[in-house]
Amino acid sequence: MNLHGIRAIYRFEMARMWRTLMQSVASPVISTCLYFVVFGSAIGTRMGDIDGISYGAFIIPGLVMLSLLMQSITNASFGIYMPKFSGTIYEVLSAPVSYVEVVLGYVGAAATKSVILGIIILLTARLFVDYHVLHPIWMFSFLVLTAITFSLFGFIIGVWADGFEKLQIVPAMIITPLVFLGGTFYSIDMLPEIWQTITLFNPVVYLISGFRWAFYGVSDIHVGISVGMTLLFLAGCMATIWWIFKTGYRLRS
C-alpha cells in the first residue's frame, strides 16, 4: 500500500476545499439554514408533531442527508473529472499507485469534506430547532457510511461525465427529487397505501429512515433493512469502480 500516494491525493483534494470555502461549505450551510428557517421555525410551529417529534426536529435528518448526498457526489465527481479535463489523469494512471490507492485518496477526501459539512449543519441546526440524538454512535456511523457510499457514486459520475453539465444532471435532476420524495418532510406512513409501496423503490428512503432512527428511535423502515440497503449500494459502487479501472472506461481515452 503506497501510503505516500494516498496522502498526496488526499491532501491535494482537501486543499481544494479550503481554497473554495464559500462554495464548498458556506453555500450548502446557508441553503440548509433557509430550510430550517422556513420549514422548521415558520411552518413547523404551526404543524403538529409527527411520531411524537416536533416538525422542526423531524426534518433535520432529511435535510442533513440532502446536503450530505449532494456534496458527496459533487466533491467526488469534480475531484476525478478535473484531472480528466486538464489531462493530468495520465500522470495519476502512470504513477506507482494502484487503482485502490487512487480511489482511497479521492473518495476519502470527498467523504471527509461531506462529514465535516454534515457536522457543521447539525451544529447550525441548534440555532433554529431544539433536537436530541438518541444514538450518537449510530448517527455518526450512518453519516460516515453514507458519505463514503455516495462519494464512490460521485467518483463513478465523474468518470462517466464528458462535460461539466453532466456532473450536475444526477445531483440536480435525480438525487434532489429522490430526497424530497424520500420522507424528508413527512413520514411515509402519512401517504396512501399505494404510494407507500411506490416509495419503497426510492433508495433514499432507507437512508433517511435509518438516519432518523439514530436521532429519535423512530423510523419508517426497520434500521437493519436501511443498513443492508446502504451496504448493498456500497458494494455495487465498489464493483463498478473495479470494472472501470479494469477496462479503462473513459480513463485511457
# chains A, B, ... in the order shown; residues from 1 in each chain; ligands from 1
$ closest_atom_pairs --of "range 121-150 of chain A" --to "range 211-225 of chain A" --cutoff "12 Å" --atoms "only C-alpha atoms" --output "JSON lines"
{"residue": "A:Leu122", "atom": "CA", "partner": "A:Phe215", "partner_atom": "CA", "distance": 11.3}
{"residue": "A:Tyr131", "atom": "CA", "partner": "A:Phe215", "partner_atom": "CA", "distance": 8.4}
{"residue": "A:His132", "atom": "CA", "partner": "A:Phe215", "partner_atom": "CA", "distance": 6.5}
{"residue": "A:Val133", "atom": "CA", "partner": "A:Phe215", "partner_atom": "CA", "distance": 4.2}
{"residue": "A:Leu134", "atom": "CA", "partner": "A:Phe215", "partner_atom": "CA", "distance": 5.0}
{"residue": "A:His135", "atom": "CA", "partner": "A:Ala214", "partner_atom": "CA", "distance": 4.9}
{"residue": "A:Pro136", "atom": "CA", "partner": "A:Ala214", "partner_atom": "CA", "distance": 6.8}
{"residue": "A:Ile137", "atom": "CA", "partner": "A:Ala214", "partner_atom": "CA", "distance": 8.3}
{"residue": "A:Trp138", "atom": "CA", "partner": "A:Ala214", "partner_atom": "CA", "distance": 5.7}
{"residue": "A:Met139", "atom": "CA", "partner": "A:Ala214", "partner_atom": "CA", "distance": 5.0}
{"residue": "A:Phe140", "atom": "CA", "partner": "A:Ala214", "partner_atom": "CA", "distance": 8.7}
{"residue": "A:Ser141", "atom": "CA", "partner": "A:Phe211", "partner_atom": "CA", "distance": 9.3}
{"residue": "A:Phe142", "atom": "CA", "partner": "A:Phe211", "partner_atom": "CA", "distance": 6.2}
{"residue": "A:Leu143", "atom": "CA", "partner": "A:Phe211", "partner_atom": "CA", "distance": 7.8}
{"residue": "A:Val144", "atom": "CA", "partner": "A:Phe211", "partner_atom": "CA", "distance": 11.1}
{"residue": "A:Leu145", "atom": "CA", "partner": "A:Phe211", "partner_atom": "CA", "distance": 10.7}
{"residue": "A:Thr146", "atom": "CA", "partner": "A:Phe211", "partner_atom": "CA", "distance": 9.6}
$ write_last_selection --atoms "N, CA, C and O atoms" --output "compact mmCIF listing (two decimals), in the first residue's frame"
# COMPACT_ATOMS: atom_id res chain seq x y z
N LEU A 122 -25.40 20.12 11.45
CA LEU A 122 -26.04 19.67 12.70
C LEU A 122 -25.84 20.70 13.81
O LEU A 122 -26.77 20.97 14.59
N TYR A 131 -33.27 19.80 19.26
CA TYR A 131 -33.34 18.37 18.95
C TYR A 131 -32.35 17.60 19.81
O TYR A 131 -31.48 18.19 20.46
N HIS A 132 -32.48 16.29 19.82
CA HIS A 132 -31.56 15.43 20.56
C HIS A 132 -31.16 14.25 19.69
O HIS A 132 -31.85 13.94 18.72
N VAL A 133 -30.06 13.62 20.02
CA VAL A 133 -29.59 12.44 19.30
C VAL A 133 -29.60 11.27 20.26
O VAL A 133 -28.82 11.23 21.21
N LEU A 134 -30.49 10.32 20.00
CA LEU A 134 -30.65 9.18 20.90
C LEU A 134 -29.51 8.19 20.80
O LEU A 134 -29.06 7.63 21.80
N HIS A 135 -29.01 7.98 19.58
CA HIS A 135 -27.91 7.03 19.35
C HIS A 135 -26.77 7.75 18.62
O HIS A 135 -26.65 7.63 17.39
N PRO A 136 -25.93 8.51 19.32
CA PRO A 136 -24.90 9.32 18.64
C PRO A 136 -23.90 8.49 17.84
O PRO A 136 -23.44 8.92 16.77
N ILE A 137 -23.52 7.31 18.35
CA ILE A 137 -22.56 6.47 17.63
C ILE A 137 -23.16 5.98 16.32
O ILE A 137 -22.52 6.01 15.26
N TRP A 138 -24.43 5.54 16.37
CA TRP A 138 -25.11 5.10 15.16
C TRP A 138 -25.30 6.27 14.19
O TRP A 138 -25.18 6.13 12.97
N MET A 139 -25.59 7.44 14.74
CA MET A 139 -25.77 8.62 13.90
C MET A 139 -24.50 8.93 13.13
O MET A 139 -24.52 9.13 11.90
N PHE A 140 -23.36 8.93 13.83
CA PHE A 140 -22.09 9.22 13.16
C PHE A 140 -21.73 8.11 12.18
O PHE A 140 -21.17 8.39 11.10
N SER A 141 -22.05 6.87 12.52
CA SER A 141 -21.76 5.75 11.63
C SER A 141 -22.56 5.87 10.34
O SER A 141 -22.03 5.64 9.24
N PHE A 142 -23.85 6.22 10.45
CA PHE A 142 -24.67 6.45 9.26
C PHE A 142 -24.11 7.60 8.43
O PHE A 142 -24.09 7.55 7.19
N LEU A 143 -23.65 8.64 9.12
CA LEU A 143 -23.10 9.81 8.43
C LEU A 143 -21.88 9.40 7.59
O LEU A 143 -21.78 9.75 6.41
N VAL A 144 -20.97 8.66 8.21
CA VAL A 144 -19.74 8.25 7.52
C VAL A 144 -20.05 7.25 6.41
O VAL A 144 -19.52 7.37 5.29
N LEU A 145 -20.90 6.27 6.70
CA LEU A 145 -21.23 5.25 5.70
C LEU A 145 -21.89 5.87 4.48
O LEU A 145 -21.55 5.53 3.33
N THR A 146 -22.81 6.79 4.70
CA THR A 146 -23.49 7.45 3.58
C THR A 146 -22.51 8.31 2.78
O THR A 146 -22.55 8.33 1.54
$ residues_around --residues "range 25-31 of chain A" --least-positions-apart "3" --cutoff "7 Å" --atoms "only C-alpha atoms" --output "PDB file with C-alpha atoms, in the first residue's frame"
ATOM      1  CA  LEU A  21     -14.805  27.605   1.341  1.00  0.00           C
ATOM      2  CA  MET A  22     -17.634  29.813   0.091  1.00  0.00           C
ATOM      3  CA  LEU A  34     -33.024  28.629   4.917  1.00  0.00           C
ATOM      4  CA  TYR A  35     -34.858  25.274   5.094  1.00  0.00           C
ATOM      5  CA  SER A  67     -26.675  18.212   1.849  1.00  0.00           C
ATOM      6  CA  LEU A 117     -20.176  19.669   6.328  1.00  0.00           C
ATOM      7  CA  ILE A 121     -25.071  21.653   9.578  1.00  0.00           C
TER       8      ILE A 121
END
$ closest_residue --among "A:Phe85, A:Tyr90, A:Phe233, A:Trp160" --to "Leu207 in chain A" --atoms "only C-alpha atoms"
A:Phe233
$ closest_atom_pairs --of "range 55-166 of chain A" --to "range 182-201 of chain A" --cutoff "10 Å" --atoms "only C-alpha atoms" --output "Markdown table"
| residue | atom | partner | partner_atom | distance |
| --- | --- | --- | --- | --- |
| A:Tyr55 | CA | A:Phe185 | CA | 8.3 |
| A:Gly56 | CA | A:Phe185 | CA | 9.3 |
| A:Phe58 | CA | A:Phe185 | CA | 7.6 |
| A:Ile59 | CA | A:Phe185 | CA | 5.4 |
| A:Ile60 | CA | A:Thr184 | CA | 8.1 |
| A:Pro61 | CA | A:Thr184 | CA | 7.4 |
| A:Gly62 | CA | A:Thr184 | CA | 4.2 |
| A:Leu63 | CA | A:Thr184 | CA | 6.6 |
| A:Val64 | CA | A:Thr184 | CA | 9.4 |
| A:Met65 | CA | A:Thr184 | CA | 8.6 |
| A:Leu66 | CA | A:Thr184 | CA | 8.4 |
$ residues_around --residues "Arg11 in chain A" --least-positions-apart "5" --cutoff "10 Å" --atoms "only C-alpha atoms" --output "compact mmCIF listing (two decimals) with N, CA and C atoms, in the first residue's frame"
# COMPACT_ATOMS: atom_id res chain seq x y z
N GLY A 5 1.36 7.98 -1.71
CA GLY A 5 0.50 8.33 -2.84
C GLY A 5 -0.91 8.68 -2.40
N ILE A 6 -1.46 7.89 -1.47
CA ILE A 6 -2.80 8.16 -0.95
C ILE A 6 -2.83 9.51 -0.26
N ARG A 16 -8.21 21.78 -1.91
CA ARG A 16 -9.20 22.43 -2.79
C ARG A 16 -10.40 22.91 -1.99
N MET A 17 -10.75 22.18 -0.93
CA MET A 17 -11.87 22.59 -0.09
C MET A 17 -11.57 23.91 0.61
N GLY A 105 -7.68 7.84 -2.06
CA GLY A 105 -7.32 9.25 -1.96
C GLY A 105 -8.46 10.17 -2.32
N TYR A 106 -9.06 9.96 -3.50
CA TYR A 106 -10.12 10.84 -3.97
C TYR A 106 -11.40 10.68 -3.13
N ALA A 109 -11.05 11.88 0.58
CA ALA A 109 -11.13 13.34 0.73
C ALA A 109 -12.56 13.83 0.56
$ select_by_dssp --residues "range 25-66 of chain A" --states "alpha helix (DSSP H)" --output "PyMOL selection string"
chain A and resi 27-35+55-58+60-66
$ closest_residue --among "A:Ala76, A:Val97, A:Leu127, A:Val179" --to "Ile148 in chain A" --atoms "only C-alpha atoms"
A:Ala76
$ closest_residue --among "A:Ala15, A:Met173, A:Leu93, A:Cys33" --to "Ile120 in chain A" --atoms "only C-alpha atoms"
A:Cys33
$ closest_atom_pairs --of "range 28-82 of chain A" --to "range 86-89 of chain A" --cutoff "9 Å" --atoms "only C-alpha atoms" --output "Markdown table"
| residue | atom | partner | partner_atom | distance |
| --- | --- | --- | --- | --- |
| A:Ile80 | CA | A:Ile89 | CA | 8.1 |
| A:Tyr81 | CA | A:Ser86 | CA | 8.7 |
| A:Met82 | CA | A:Ser86 | CA | 6.0 |
$ closest_residue --among "A:Leu68, A:Ile169, A:Asp130, A:Thr247" --to "Ile53 in chain A" --atoms "only C-alpha atoms"
A:Asp130
$ closest_residue --among "A:Val38, A:Ile156, A:Val100, A:Ala95" --to "Gly79 in chain A" --atoms "only C-alpha atoms"
A:Ile156
$ decode --residues "range 131-146 of chain A" --atoms "all heavy atoms" --output "CSV table (one decimal), in the first residue's frame"
chain,number,residue,atom,x,y,z
A,131,TYR,N,-33.3,19.8,19.3
A,131,TYR,CA,-33.3,18.4,18.9
A,131,TYR,C,-32.3,17.6,19.8
A,131,TYR,O,-31.5,18.2,20.5
A,131,TYR,CB,-33.1,18.1,17.5
A,131,TYR,CG,-31.6,18.4,17.1
A,131,TYR,CD1,-30.7,17.4,17.1
A,131,TYR,CD2,-31.2,19.7,16.7
A,131,TYR,CE1,-29.4,17.6,16.7
A,131,TYR,CE2,-29.9,19.9,16.3
A,131,TYR,CZ,-29.0,18.9,16.3
A,131,TYR,OH,-27.7,19.1,16.0
A,132,HIS,N,-32.5,16.3,19.8
A,132,HIS,CA,-31.6,15.4,20.6
A,132,HIS,C,-31.2,14.3,19.7
A,132,HIS,O,-31.9,13.9,18.7
A,132,HIS,CB,-32.2,14.9,21.9
A,132,HIS,CG,-33.4,14.0,21.6
A,132,HIS,ND1,-34.6,14.5,21.4
A,132,HIS,CD2,-33.4,12.7,21.6
A,132,HIS,CE1,-35.5,13.5,21.2
A,132,HIS,NE2,-34.8,12.3,21.3
A,133,VAL,N,-30.1,13.6,20.0
A,133,VAL,CA,-29.6,12.4,19.3
A,133,VAL,C,-29.6,11.3,20.3
A,133,VAL,O,-28.8,11.2,21.2
A,133,VAL,CB,-28.2,12.7,18.7
A,133,VAL,CG1,-27.7,11.4,18.0
A,133,VAL,CG2,-28.1,13.9,17.8
A,134,LEU,N,-30.5,10.3,20.0
A,134,LEU,CA,-30.7,9.2,20.9
A,134,LEU,C,-29.5,8.2,20.8
A,134,LEU,O,-29.1,7.6,21.8
A,134,LEU,CB,-32.0,8.5,20.6
A,134,LEU,CG,-32.4,7.4,21.6
A,134,LEU,CD1,-32.7,8.0,22.9
A,134,LEU,CD2,-33.7,6.7,21.0
A,135,HIS,N,-29.0,8.0,19.6
A,135,HIS,CA,-27.9,7.0,19.4
A,135,HIS,C,-26.8,7.8,18.6
A,135,HIS,O,-26.6,7.6,17.4
A,135,HIS,CB,-28.4,5.8,18.5
A,135,HIS,CG,-29.6,5.1,19.1
A,135,HIS,ND1,-29.5,4.4,20.2
A,135,HIS,CD2,-30.9,5.1,18.7
A,135,HIS,CE1,-30.7,3.9,20.5
A,135,HIS,NE2,-31.6,4.3,19.6
A,136,PRO,N,-25.9,8.5,19.3
A,136,PRO,CA,-24.9,9.3,18.6
A,136,PRO,C,-23.9,8.5,17.8
A,136,PRO,O,-23.4,8.9,16.8
A,136,PRO,CB,-24.2,10.1,19.8
A,136,PRO,CG,-24.6,9.3,21.0
A,136,PRO,CD,-25.9,8.7,20.8
A,137,ILE,N,-23.5,7.3,18.4
A,137,ILE,CA,-22.6,6.5,17.6
A,137,ILE,C,-23.2,6.0,16.3
A,137,ILE,O,-22.5,6.0,15.3
A,137,ILE,CB,-22.1,5.3,18.5
A,137,ILE,CG1,-21.3,5.8,19.7
A,137,ILE,CG2,-21.2,4.3,17.7
A,137,ILE,CD1,-20.9,4.7,20.7
A,138,TRP,N,-24.4,5.5,16.4
A,138,TRP,CA,-25.1,5.1,15.2
A,138,TRP,C,-25.3,6.3,14.2
A,138,TRP,O,-25.2,6.1,13.0
A,138,TRP,CB,-26.5,4.5,15.5
A,138,TRP,CG,-26.4,3.0,15.8
A,138,TRP,CD1,-26.5,2.5,17.0
A,138,TRP,CD2,-26.2,2.0,14.9
A,138,TRP,NE1,-26.4,1.1,16.9
A,138,TRP,CE2,-26.2,0.8,15.6
A,138,TRP,CE3,-26.1,1.9,13.5
A,138,TRP,CZ2,-26.1,-0.5,15.0
A,138,TRP,CZ3,-25.9,0.7,12.9
A,138,TRP,CH2,-25.9,-0.5,13.6
A,139,MET,N,-25.6,7.4,14.7
A,139,MET,CA,-25.8,8.6,13.9
A,139,MET,C,-24.5,8.9,13.1
A,139,MET,O,-24.5,9.1,11.9
A,139,MET,CB,-26.2,9.8,14.8
A,139,MET,CG,-26.5,11.1,14.0
A,139,MET,SD,-25.0,12.1,13.6
A,139,MET,CE,-24.6,12.7,15.2
A,140,PHE,N,-23.4,8.9,13.8
A,140,PHE,CA,-22.1,9.2,13.2
A,140,PHE,C,-21.7,8.1,12.2
A,140,PHE,O,-21.2,8.4,11.1
A,140,PHE,CB,-21.0,9.4,14.2
A,140,PHE,CG,-19.7,9.8,13.6
A,140,PHE,CD1,-19.5,11.1,13.2
A,140,PHE,CD2,-18.6,8.9,13.5
A,140,PHE,CE1,-18.3,11.5,12.7
A,140,PHE,CE2,-17.4,9.3,13.0
A,140,PHE,CZ,-17.2,10.6,12.5
A,141,SER,N,-22.0,6.9,12.5
A,141,SER,CA,-21.8,5.7,11.6
A,141,SER,C,-22.6,5.9,10.3
A,141,SER,O,-22.0,5.6,9.2
A,141,SER,CB,-22.1,4.4,12.3
A,141,SER,OG,-21.3,4.2,13.5
A,142,PHE,N,-23.9,6.2,10.5
A,142,PHE,CA,-24.7,6.5,9.3
A,142,PHE,C,-24.1,7.6,8.4
A,142,PHE,O,-24.1,7.5,7.2
A,142,PHE,CB,-26.1,6.8,9.7
A,142,PHE,CG,-27.0,5.6,9.7
A,142,PHE,CD1,-27.5,5.1,10.9
A,142,PHE,CD2,-27.4,5.0,8.5
A,142,PHE,CE1,-28.3,4.0,10.9
A,142,PHE,CE2,-28.3,3.9,8.5
A,142,PHE,CZ,-28.7,3.4,9.7
A,143,LEU,N,-23.6,8.6,9.1
A,143,LEU,CA,-23.1,9.8,8.4
A,143,LEU,C,-21.9,9.4,7.6
A,143,LEU,O,-21.8,9.7,6.4
A,143,LEU,CB,-22.7,10.9,9.5
A,143,LEU,CG,-22.6,12.3,9.0
A,143,LEU,CD1,-23.9,12.9,8.6
A,143,LEU,CD2,-21.9,13.2,10.1
A,144,VAL,N,-21.0,8.7,8.2
A,144,VAL,CA,-19.7,8.2,7.5
A,144,VAL,C,-20.0,7.2,6.4
A,144,VAL,O,-19.5,7.4,5.3
A,144,VAL,CB,-18.7,7.6,8.5
A,144,VAL,CG1,-17.5,7.1,7.8
A,144,VAL,CG2,-18.3,8.7,9.5
A,145,LEU,N,-20.9,6.3,6.7
A,145,LEU,CA,-21.2,5.2,5.7
A,145,LEU,C,-21.9,5.9,4.5
A,145,LEU,O,-21.6,5.5,3.3
A,145,LEU,CB,-22.2,4.2,6.3
A,145,LEU,CG,-22.6,3.1,5.4
A,145,LEU,CD1,-21.4,2.3,4.9
A,145,LEU,CD2,-23.6,2.1,6.1
A,146,THR,N,-22.8,6.8,4.7
A,146,THR,CA,-23.5,7.5,3.6
A,146,THR,C,-22.5,8.3,2.8
A,146,THR,O,-22.5,8.3,1.5
A,146,THR,CB,-24.6,8.3,4.1
A,146,THR,OG1,-25.5,7.5,4.9
A,146,THR,CG2,-25.4,9.0,2.9
